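Working notes, structure below.
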Amino acid sequence: MLGLEELKEHIKVSDKLVECPVKGCDKKVSRQVEGFRRKRKFQCPEHRIYISPTTFEYEFDTDNLLWRGREDLELLNGIKALKGESGMARDDSEDAVTWNVFRFLDRRGLVAEVMGSLLDTSLEGAETMYWSYNPGEGAAWSKLRRARREFGERPRIGAGPDLLIASPGALVFIEARLTSDNESVPRKDEATKSYLTGGQFWFPRVFLSDYRTIAVEEKRYEPMRFWLLGSWIAARMGIDFYLVNLVPEGKEQDIEKTFGAHLRAGEERVFRRLNWEDIYREILKSDTDRADKEKVTGYMENKSAGYDRKGELRGAFRLR
């Protein structure tokens with residue numbers, strides 16, 4: 001897997017060509033200009049990566065994943081059947097980072113310990129679901145499917161959170177970000193949904209602001225969805241709800257204030273911004289297998305996040 005130590009600090013980009021970002025490689029490929037495409041003319045013949053001026057993509061998803069044993073891949077195949085195209089082969093893939101970090105925690109039984117510590121709550125007995133996929137059901141978590149129906153969402157439109165942690169005392173939705181921000185707006189057909197009336201008019205019970213202000217004017221449609229759906233599920237289960245925006249340090253620093261201003265929050269409903277770096281530090285403190293710990297912490301320390309417009313390499317996290 002390629003990272004900061006293996007990649008050039010600067011790449012040369014012309015109107016027609018982009019050089020391979022791997023140190024010591026003199027190969028150049030055609031420049032991509034309209035979206036990212038996996039064609040031979042954009043692929044380095046030596047390192048088998050597809051290149052653009054700002055990022056690159058491996059030939060296979062598994063080339064970008066730390067955990068790919070039989071059980072890991074069986075779970076991932078179930079997720080992909082539900083989620084569809086994941087883009088996990090891309091160097092700046094948020095999904096790949098989410099899998100690599102949280103699959104380590106999951107495999108080592110550390111999800112409840114680490115996330116419980118960061119949220120200052122007990123998550124004992126928690127079940128972790130990636131992109132809402134429940135292995136026991138072989139489908140999206142039934143409680144989330146029920147909530148989506150209640151608020152008028154069609155099964156093939158929209159999605160669940162990147163991570164869903166369900167424990168006897170709390171439900172946690174995590175939306176993970178790496179290079180992207182939290183801006184999102186509803187599509188034209190969203191107006192037909194029952195966000196305002198579903199759940200016996202649940203919307204005004206958990207929001208201080210109106211739908212248009214939050215979803216359209218301030219472009220917080222996805223966080224709005226998850227606060228609405230998750231809080232309703234948790235209330236029906238009789239447990240607390242946490243919505244977490246997981247971002248690198250330095251990003252979305254005012255999100256708790258700006259999005260939080262629209263929420264009816266309290267001890268039973270909490271919105272939090274957490275950093276990937278927080279999780280890194282919790283992993284360092286954990287008492288677990290040294291080899292696996294070094295594997296995931298080394299990955300985070302070396303993780304790249306593509307190139308900026310000047311061709312300068314960016315680190316994903318502030319860990320050095």
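Letters for chains follow the order of the structure tokens (A, B, ...), residue numbers begin at 1 for each chain, and ligand numbers begin at 1 in the order shown.
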(request) Taking the chain letters and numbering used in this document, name the residues of stretch 183-280 of chain A that DSSP puts in helix (DSSP H, G or I), as an MDAnalysis selection string. (result) chainID A and resid 188:192 198:201 203:206 211:217 221:237 255:260 276:280
(request) Skip stretch 273-287 of chain A itself and residues of its chain fewer than 2 positions away, then list as a PyMOL selection string all residues within 9 Å of it, counting only C-alpha atoms. (result) chain A and resi 101+105+110+113-115+117-119+176+178+243-256+271+289-290+293-294+296-297+300+317-319
Write the selection just made, keeping N, CA and C atoms, as an mmCIF file, in the first residue's frame?
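File produced: result.cif:
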data_model
loop_
_atom_site.group_PDB
_atom_site.id
_atom_site.type_symbol
_atom_site.label_atom_id
_atom_site.label_comp_id
_atom_site.auth_asym_id
_atom_site.auth_seq_id
_atom_site.Cartn_x
_atom_site.Cartn_y
_atom_site.Cartn_z
ATOM 1 N N VAL A 101 -9.552 1.266 9.725
ATOM 2 C CA VAL A 101 -9.435 1.641 11.129
ATOM 3 C C VAL A 101 -10.459 0.906 11.993
ATOM 4 N N LEU A 105 -10.510 -2.186 15.091
ATOM 5 C CA LEU A 105 -11.178 -2.091 16.393
ATOM 6 C C LEU A 105 -12.165 -3.237 16.577
ATOM 7 N N LEU A 110 -12.533 -3.713 20.350
ATOM 8 C CA LEU A 110 -12.224 -2.420 20.942
ATOM 9 C C LEU A 110 -13.213 -1.314 20.591
ATOM 10 N N GLU A 113 -14.938 0.054 23.737
ATOM 11 C CA GLU A 113 -13.974 0.725 24.620
ATOM 12 C C GLU A 113 -13.552 2.079 24.053
ATOM 13 N N VAL A 114 -13.170 2.110 22.793
ATOM 14 C CA VAL A 114 -12.654 3.342 22.192
ATOM 15 C C VAL A 114 -13.755 4.380 21.998
ATOM 16 N N MET A 115 -14.855 3.985 21.370
ATOM 17 C CA MET A 115 -15.918 4.957 21.119
ATOM 18 C C MET A 115 -16.642 5.341 22.404
ATOM 19 N N SER A 117 -15.224 5.618 25.306
ATOM 20 C CA SER A 117 -14.341 6.576 25.956
ATOM 21 C C SER A 117 -14.472 7.963 25.330
ATOM 22 N N LEU A 118 -14.492 8.023 24.010
ATOM 23 C CA LEU A 118 -14.565 9.313 23.330
ATOM 24 C C LEU A 118 -15.923 9.991 23.523
ATOM 25 N N LEU A 119 -16.975 9.208 23.662
ATOM 26 C CA LEU A 119 -18.316 9.764 23.830
ATOM 27 C C LEU A 119 -18.742 9.832 25.295
ATOM 28 N N ALA A 176 -18.306 9.410 8.487
ATOM 29 C CA ALA A 176 -16.866 9.615 8.404
ATOM 30 C C ALA A 176 -16.506 10.457 7.185
ATOM 31 N N LEU A 178 -13.011 12.336 5.103
ATOM 32 C CA LEU A 178 -11.562 12.405 4.959
ATOM 33 C C LEU A 178 -11.186 13.697 4.244
ATOM 34 N N LEU A 243 -25.065 11.113 17.329
ATOM 35 C CA LEU A 243 -24.685 11.305 15.930
ATOM 36 C C LEU A 243 -23.286 11.896 15.932
ATOM 37 N N VAL A 244 -22.341 11.204 15.283
ATOM 38 C CA VAL A 244 -20.939 11.603 15.293
ATOM 39 C C VAL A 244 -20.482 11.997 13.899
ATOM 40 N N ASN A 245 -19.882 13.174 13.800
ATOM 41 C CA ASN A 245 -19.221 13.604 12.572
ATOM 42 C C ASN A 245 -17.726 13.369 12.775
ATOM 43 N N LEU A 246 -17.175 12.364 12.096
ATOM 44 C CA LEU A 246 -15.787 11.965 12.276
ATOM 45 C C LEU A 246 -14.942 12.565 11.160
ATOM 46 N N VAL A 247 -14.023 13.456 11.517
ATOM 47 C CA VAL A 247 -13.245 14.204 10.531
ATOM 48 C C VAL A 247 -11.785 14.315 10.980
ATOM 49 N N PRO A 248 -10.878 14.630 10.056
ATOM 50 C CA PRO A 248 -9.500 14.905 10.467
ATOM 51 C C PRO A 248 -9.436 16.198 11.267
ATOM 52 N N GLU A 249 -8.423 16.306 12.127
ATOM 53 C CA GLU A 249 -8.226 17.548 12.873
ATOM 54 C C GLU A 249 -8.091 18.715 11.899
ATOM 55 N N GLY A 250 -8.680 19.831 12.267
ATOM 56 C CA GLY A 250 -8.602 21.020 11.423
ATOM 57 C C GLY A 250 -9.782 21.185 10.488
ATOM 58 N N LYS A 251 -10.587 20.136 10.307
ATOM 59 C CA LYS A 251 -11.746 20.222 9.426
ATOM 60 C C LYS A 251 -13.039 20.348 10.233
ATOM 61 N N GLU A 252 -13.995 21.070 9.677
ATOM 62 C CA GLU A 252 -15.338 21.196 10.253
ATOM 63 C C GLU A 252 -15.287 21.593 11.742
ATOM 64 N N GLN A 253 -14.433 22.542 12.064
ATOM 65 C CA GLN A 253 -14.221 22.875 13.472
ATOM 66 C C GLN A 253 -15.442 23.505 14.143
ATOM 67 N N ASP A 254 -16.318 24.097 13.368
ATOM 68 C CA ASP A 254 -17.497 24.746 13.972
ATOM 69 C C ASP A 254 -18.785 23.968 13.757
ATOM 70 N N ILE A 255 -18.677 22.701 13.310
ATOM 71 C CA ILE A 255 -19.879 21.948 12.968
ATOM 72 C C ILE A 255 -20.789 21.704 14.169
ATOM 73 N N GLU A 256 -20.218 21.509 15.352
ATOM 74 C CA GLU A 256 -21.066 21.304 16.532
ATOM 75 C C GLU A 256 -21.905 22.550 16.807
ATOM 76 N N PHE A 271 -25.094 15.355 19.598
ATOM 77 C CA PHE A 271 -24.345 15.492 18.353
ATOM 78 C C PHE A 271 -22.907 15.849 18.702
ATOM 79 N N ASP A 289 -2.938 -6.707 20.675
ATOM 80 C CA ASP A 289 -1.838 -7.294 19.924
ATOM 81 C C ASP A 289 -0.948 -6.223 19.299
ATOM 82 N N ARG A 290 0.338 -6.283 19.608
ATOM 83 C CA ARG A 290 1.270 -5.248 19.164
ATOM 84 C C ARG A 290 1.377 -5.171 17.647
ATOM 85 N N LYS A 293 -1.693 -3.554 16.191
ATOM 86 C CA LYS A 293 -1.717 -2.149 16.578
ATOM 87 C C LYS A 293 -0.741 -1.335 15.724
ATOM 88 N N GLU A 294 0.466 -1.852 15.562
ATOM 89 C CA GLU A 294 1.460 -1.151 14.752
ATOM 90 C C GLU A 294 1.049 -1.094 13.289
ATOM 91 N N VAL A 296 -2.078 -0.783 12.098
ATOM 92 C CA VAL A 296 -3.082 0.256 11.865
ATOM 93 C C VAL A 296 -2.548 1.639 12.200
ATOM 94 N N THR A 297 -1.741 1.784 13.252
ATOM 95 C CA THR A 297 -1.187 3.103 13.567
ATOM 96 C C THR A 297 -0.176 3.524 12.499
ATOM 97 N N MET A 300 -2.129 4.831 9.564
ATOM 98 C CA MET A 300 -2.649 6.182 9.754
ATOM 99 C C MET A 300 -1.537 7.223 9.689
ATOM 100 N N PHE A 317 -3.776 12.840 8.013
ATOM 101 C CA PHE A 317 -3.952 13.142 9.437
ATOM 102 C C PHE A 317 -2.747 13.913 9.982
ATOM 103 N N ARG A 318 -2.973 14.580 11.110
ATOM 104 C CA ARG A 318 -1.900 15.323 11.786
ATOM 105 C C ARG A 318 -1.330 14.452 12.895
ATOM 106 N N LEU A 319 -0.396 13.598 12.521
ATOM 107 C CA LEU A 319 0.137 12.634 13.483
ATOM 108 C C LEU A 319 1.659 12.687 13.570
#
(request) Using atom CA of A:Gly138 and atom CA of A:Gly238 as the two end points, give the distance in Å to one decimal. (result) 25.0 Å
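Reported to one decimal place, the separation of atom CA of A:Thr55 from atom CA of A:Val29 is 13.1 Å.
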For stretch 30-41 of chain A: contacts at 10 Å, only C-alpha atoms, fewer than 5 positions along chain excluded, given as a PDB file with C-alpha atoms, in the first residue's frame:
ATOM      1  CA  VAL A  13       1.275  17.931 -14.192  1.00  0.00           C
ATOM      2  CA  SER A  14       0.987  19.392 -17.684  1.00  0.00           C
ATOM      3  CA  ASP A  15      -1.982  19.995 -19.942  1.00  0.00           C
ATOM      4  CA  LYS A  16      -1.577  16.509 -21.393  1.00  0.00           C
ATOM      5  CA  LEU A  17       0.470  14.413 -18.967  1.00  0.00           C
ATOM      6  CA  VAL A  18       0.698  13.450 -15.291  1.00  0.00           C
ATOM      7  CA  GLU A  19       3.699  11.691 -13.811  1.00  0.00           C
ATOM      8  CA  ARG A  48      -0.622  -0.658 -12.060  1.00  0.00           C
ATOM      9  CA  ILE A  49      -2.323   2.395 -10.555  1.00  0.00           C
ATOM     10  CA  TYR A  50      -4.723   4.695 -12.395  1.00  0.00           C
ATOM     11  CA  ILE A  51      -3.596   8.299 -12.050  1.00  0.00           C
ATOM     12  CA  SER A  52      -5.197  11.741 -12.083  1.00  0.00           C
ATOM     13  CA  PRO A  53      -3.663  15.123 -11.174  1.00  0.00           C
ATOM     14  CA  THR A  54      -5.017  14.872  -7.611  1.00  0.00           C
ATOM     15  CA  THR A  55      -5.224  11.177  -6.698  1.00  0.00           C
ATOM     16  CA  PHE A  56      -4.732   7.613  -7.877  1.00  0.00           C
ATOM     17  CA  GLU A  57      -6.614   4.349  -7.765  1.00  0.00           C
ATOM     18  CA  TYR A  58      -5.385   0.799  -7.262  1.00  0.00           C
ATOM     19  CA  GLU A  59      -6.269  -1.971  -9.672  1.00  0.00           C
TER      20      GLU A  59
END
(request) Among the residues of stretch 13-94 of chain A, find those DSSP assigns to strand (DSSP E or B) from the backbone and print them as a list in words. (result) Val13, Leu17, Val18, Glu19, Val22, Lys28, Val29, Ser30, Gln43, Tyr50, Ile51, Phe56, Glu57 and Arg90 of chain A
(request) Please indicate the distance in Å from atom CA of A:Arg149 to atom CA of A:Gly198, rounded to one decimal place. (result) 9.0 Å
(message) When you look at A:Leu263 with a cut-off of 7 Å (counting only C-alpha atoms), what residues show up, excluding the ones that are within fewer than 6 positions of it in the same chain? I need them as a list of chain:residue names.
(response) A:Val206, A:Phe207, A:Leu208
Export all heavy atoms of the chosen residues as a tab-separated table (two decimals), in the first residue's frame?
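Below is the file part-v4.tsv, written as the result:
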chain	number	residue	atom	x	y	z
A	206	VAL	N	-37.39	16.99	17.39
A	206	VAL	CA	-35.93	16.86	17.49
A	206	VAL	C	-35.17	17.97	16.77
A	206	VAL	O	-33.93	17.99	16.81
A	206	VAL	CB	-35.47	15.49	16.96
A	206	VAL	CG1	-35.98	14.38	17.88
A	206	VAL	CG2	-35.92	15.25	15.53
A	207	PHE	N	-35.90	18.88	16.12
A	207	PHE	CA	-35.25	20.01	15.45
A	207	PHE	C	-35.83	21.33	15.94
A	207	PHE	O	-37.03	21.44	16.21
A	207	PHE	CB	-35.42	19.93	13.93
A	207	PHE	CG	-34.61	18.86	13.28
A	207	PHE	CD1	-35.20	17.66	12.89
A	207	PHE	CD2	-33.24	19.03	13.04
A	207	PHE	CE1	-34.46	16.67	12.29
A	207	PHE	CE2	-32.49	18.03	12.44
A	207	PHE	CZ	-33.10	16.85	12.06
A	208	LEU	N	-34.97	22.35	16.02
A	208	LEU	CA	-35.39	23.70	16.36
A	208	LEU	C	-35.69	24.52	15.12
A	208	LEU	O	-36.44	25.50	15.19
A	208	LEU	CB	-34.30	24.40	17.18
A	208	LEU	CG	-34.01	23.83	18.58
A	208	LEU	CD1	-32.72	24.42	19.12
A	208	LEU	CD2	-35.17	24.14	19.52
(request) Measuring atom to atom with only C-alpha atoms, identify which of A:Met224, A:Asn134, A:Ala235, A:Leu4 is nearest to A:Tyr195. (result)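 Nearest to A:Tyr195: A:Met224.
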(request) Would you mind listing what lies within 8 Å of stretch 266-269 of chain A as a PyMOL selection string, with only C-alpha atoms counted and same-chain residues fewer than 4 positions away left out? (result) chain A and resi 231+239-242
Write the residues of the selection above to a file with N, CA, C and O atoms, as an mmCIF file, in the first residue's frame.
data_model
loop_
_atom_site.group_PDB
_atom_site.id
_atom_site.type_symbol
_atom_site.label_atom_id
_atom_site.label_comp_id
_atom_site.auth_asym_id
_atom_site.auth_seq_id
_atom_site.Cartn_x
_atom_site.Cartn_y
_atom_site.Cartn_z
ATOM 1 N N SER A 231 -32.479 9.281 15.897
ATOM 2 C CA SER A 231 -33.138 9.647 17.154
ATOM 3 C C SER A 231 -34.481 8.936 17.293
ATOM 4 O O SER A 231 -34.877 8.543 18.400
ATOM 5 N N ILE A 239 -33.321 4.013 24.286
ATOM 6 C CA ILE A 239 -31.906 4.218 24.581
ATOM 7 C C ILE A 239 -31.466 5.589 24.071
ATOM 8 O O ILE A 239 -32.202 6.282 23.365
ATOM 9 N N ASP A 240 -30.246 5.996 24.427
ATOM 10 C CA ASP A 240 -29.704 7.280 23.998
ATOM 11 C C ASP A 240 -29.240 7.208 22.547
ATOM 12 O O ASP A 240 -28.942 6.131 22.023
ATOM 13 N N PHE A 241 -29.136 8.395 21.931
ATOM 14 C CA PHE A 241 -28.681 8.464 20.544
ATOM 15 C C PHE A 241 -27.517 9.437 20.424
ATOM 16 O O PHE A 241 -27.536 10.525 21.003
ATOM 17 N N TYR A 242 -26.498 9.009 19.662
ATOM 18 C CA TYR A 242 -25.337 9.848 19.376
ATOM 19 C C TYR A 242 -25.133 9.912 17.861
ATOM 20 O O TYR A 242 -25.032 8.869 17.209
#
(message) Measuring between only C-alpha atoms, which one of A:Lys188, A:Gly84, A:Phe201, A:Thr128 shows the shortest distance to A:Val216?
(response) A:Lys188
List every residue of stretch 72-111 of chain A that has an atom at most 9 Å from any atom of stretch 163-169 of chain A, giving for each one its closest atom pair and the distance in Å to one decimal, counting only C-alpha atoms, sorted by chain and then by ascending residue number, as a Markdown table.
| residue | atom | partner | partner_atom | distance |
| --- | --- | --- | --- | --- |
| A:Thr98 | CA | A:Leu163 | CA | 8.3 |
| A:Phe102 | CA | A:Leu163 | CA | 8.7 |
| A:Val111 | CA | A:Ile165 | CA | 8.4 |
Go ahead and save the residues from that selection, with C-alpha atoms, as a short mmCIF file (atom, residue, chain, number, x, y, z; two decimals), in the first residue's frame.
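Now in out.cif:
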data_model
loop_
_atom_site.label_atom_id
_atom_site.label_comp_id
_atom_site.auth_asym_id
_atom_site.auth_seq_id
_atom_site.Cartn_x
_atom_site.Cartn_y
_atom_site.Cartn_z
CA THR A 98 -13.26 3.65 7.66
CA PHE A 102 -12.75 0.32 12.42
CA VAL A 111 -15.15 -0.56 19.38
#
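Among the candidates A:Asp95, A:Ala170, A:Arg236, A:Tyr221, the residue lying nearest to A:Asn182 is A:Tyr221 (atoms considered: only C-alpha atoms).
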